[in-house]
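Taking it in order: structure first as structure tokens, then the write-up.
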Amino acid sequence: KQEVTQIPAALSVPEGENLVLNCSFTDSAIYNLQWFRQDPGKGLTSLLLIQSSQREQTSGRLNASLDKSSGRSTLYIAASQPGDSATYLCAVNTGFQKLVFGTGTRLLVSP
Amino acid sequence: NAGVTQTPKFQVLKTGQSMTLQCAQDMNHEYMSWYRQDPGMGLRLIHYSVGAGITDQGEVPNGYNVSRSTTEDFPLRLLSAAPSQTSVYFCASSTNPGTSNEQYFGPGTRLTVT
């Protein structure tokens, strides 16, 4: 059974820092991996989607990498801002768009 | 496009009551799904549909029914609500389920069963 783990569970950094969020999964047979952002009491916003054949994707200050063979993905956030404060979720697609989610990393960026 | 919409936003039920959570999308997506989110746990898949008339079970289907009569709508029915079904429910959709496409999530329905 696929399991997804995110470390750390919570992270607090001062504004301007570069930071890395980690996601690991137990079964490398995935179709893609998606990073989401969730604000308190809100839905999920897709940040980046990495196909299983890709190594990384970039969008603005965000860069996500994927190492399928080792079951790891990282989300790199450059020059963090208070507006980046949210919970970040990673999810792997196990087939037919069925997603298995991690429990998330709660990020707080202080001014 | 409104994207994925869900109603209601909040609902309180008594044990044993029934209700339907509504989900609709206007992006002509074939694939739709329902997840529940509980504290300390990742989102878990309840049911999904790869097209009108086709549904299947996810990881935690017990206590929930679904049907897909149109491409746009994918309602989730609770026939006899239980306190264990207190959760936040999210609906999601994406294009062609046979490919690896981005999924879009609705704003969620927060359900409390007393």
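Each chain of the structure tokens is named A, B, ... in the order shown, its residues numbered from 1; ligands are numbered from 1 in display order.
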
Margin query: Residues within 12 Å of B:Asn28, please, as a VMD selection string. Count only C-alpha atoms; anything in the same chain fewer than 5 positions from it doesn't count.
Written below: chain B and resid 1 to 4 51 to 52 70 to 73 93 to 96

Residues of chain B were defined as contacting chain A if any atom lay at most 6 Å from it, counting only C-alpha atoms; please report them as a PDB file with N, CA, C and O atoms, in the first residue's frame.
```
ATOM      1  N   MET B  41      -4.422  13.305   9.399  1.00  0.00           N
ATOM      2  CA  MET B  41      -4.397  12.317   8.314  1.00  0.00           C
ATOM      3  C   MET B  41      -4.389  13.048   6.979  1.00  0.00           C
ATOM      4  O   MET B  41      -4.917  14.151   6.868  1.00  0.00           O
ATOM      5  N   GLY B  42      -3.799  12.414   5.995  1.00  0.00           N
ATOM      6  CA  GLY B  42      -3.871  13.001   4.660  1.00  0.00           C
ATOM      7  C   GLY B  42      -5.269  12.856   4.099  1.00  0.00           C
ATOM      8  O   GLY B  42      -6.092  12.109   4.629  1.00  0.00           O
ATOM      9  N   LEU B  43      -5.545  13.559   3.027  1.00  0.00           N
ATOM     10  CA  LEU B  43      -6.827  13.373   2.344  1.00  0.00           C
ATOM     11  C   LEU B  43      -6.929  11.918   1.882  1.00  0.00           C
ATOM     12  O   LEU B  43      -5.939  11.344   1.397  1.00  0.00           O
ATOM     13  N   PRO B  97      -8.951  10.693 -17.599  1.00  0.00           N
ATOM     14  CA  PRO B  97      -8.374   9.924 -16.501  1.00  0.00           C
ATOM     15  C   PRO B  97      -7.254   8.995 -16.937  1.00  0.00           C
ATOM     16  O   PRO B  97      -6.505   8.510 -16.115  1.00  0.00           O
ATOM     17  N   PHE B 105      -9.361  21.143  -7.226  1.00  0.00           N
ATOM     18  CA  PHE B 105     -10.186  20.864  -6.055  1.00  0.00           C
ATOM     19  C   PHE B 105     -11.187  21.977  -5.793  1.00  0.00           C
ATOM     20  O   PHE B 105     -10.914  23.157  -6.040  1.00  0.00           O
ATOM     21  N   GLY B 106     -12.353  21.587  -5.269  1.00  0.00           N
ATOM     22  CA  GLY B 106     -13.341  22.546  -4.822  1.00  0.00           C
ATOM     23  C   GLY B 106     -12.983  23.092  -3.454  1.00  0.00           C
ATOM     24  O   GLY B 106     -12.002  22.662  -2.836  1.00  0.00           O
ATOM     25  N   PRO B 107     -13.789  24.039  -2.934  1.00  0.00           N
ATOM     26  CA  PRO B 107     -13.479  24.708  -1.664  1.00  0.00           C
ATOM     27  C   PRO B 107     -13.791  23.875  -0.429  1.00  0.00           C
ATOM     28  O   PRO B 107     -13.390  24.244   0.673  1.00  0.00           O
ATOM     29  N   GLY B 108     -14.502  22.780  -0.587  1.00  0.00           N
ATOM     30  CA  GLY B 108     -14.764  21.899   0.543  1.00  0.00           C
ATOM     31  C   GLY B 108     -16.112  22.117   1.201  1.00  0.00           C
ATOM     32  O   GLY B 108     -16.701  23.207   1.121  1.00  0.00           O
TER      33      GLY B 108
END
```

Next item on the list: Considering only C-alpha atoms, state which residue in the set A:Leu62, A:Ser110, A:Asn22, A:Ser12 is at the smallest distance from A:Gly83.
Entry: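 Of A:Leu62, A:Ser110, A:Asn22, A:Ser12, the one nearest A:Gly83, counting only C-alpha atoms, is A:Ser110.
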
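Minimum atom-to-atom distances from B:Glu102, B:Ile54, B:Tyr64, B:Phe10 to B:Gln85 were compared using only C-alpha atoms, and the lowest value belongs to B:Tyr64.
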
Next item on the list: Among the residues of stretch 17-109 of chain A, find those DSSP assigns to strand (DSSP E or B) from the backbone and print them as a PyMOL selection string.
Entry: chain A and resi 19-25+32-38+44-51+56-59+62-67+72-77+86-93+99-101+105-109

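Among the candidates A:Ala29, A:Ala86, A:Ala10, A:Leu75, the residue lying nearest to A:Gln57 is A:Leu75 (atoms considered: only C-alpha atoms).
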
Next item on the list: Please identify all polymer residues within 8 Å of A:Ser28, counting only C-alpha atoms, omitting same-chain residues fewer than 5 positions from it, and present them as a ChimeraX atom specification.
Entry: /A:68-71

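Note that the spacing between atom CA of B:Arg44 and atom CA of A:Leu108 amounts to 25.0 Å.
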
Next item on the list: Write out as a ChimeraX atom specification the residues lying within 6 Å of B:Ser33, counting only C-alpha atoms and excluding same-chain residues fewer than 2 positions away.
Entry: /B:47-48,91-92

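Between B:Leu76 and the candidates B:Tyr89, B:Glu59, B:Gln17, B:Tyr104, the tightest atom-to-atom separation, counting only C-alpha atoms, involves B:Tyr89.
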
Check: Do you know which residues are at most 12 Å from A:Ala78 counting only C-alpha atoms, after dropping those on the same chain fewer than 3 positions away, and could you put them as a list in words?
Finding: Glu15, Gly16, Glu17, Asn18, Leu19, Val20, Leu21, Thr58, Ser59, Gly60, Arg61, Leu62, Asn63, Ala64, Leu75, Gln81 and Asp84 of chain A

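Across the structure, atom CA of B:Gln25 and atom CA of A:Asp39 are spaced 21.4 Å apart.
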
Margin query: Need the shell around B:Leu79: protein/DNA/RNA residues with any atom at most 12 Å away, counting only C-alpha atoms. Skip same-chain ones fewer than 5 positions apart. Format as a PyMOL selection string?
Written below: chain B and resi 13+15-21+62-66+85

Notebook entry, point to check: Can you tell me, as a VMD selection string, what residues are no more than 7 Å from B:Thr109 when counting only C-alpha atoms, ignoring any on the same chain fewer than 4 positions away?
Noted result: chain B and resid 6 to 10 88 to 90

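Closest approach to B:Asp26 among B:Val12, B:Leu78, B:Thr114, B:Thr5 is made by B:Thr5 (distances from only C-alpha atoms).
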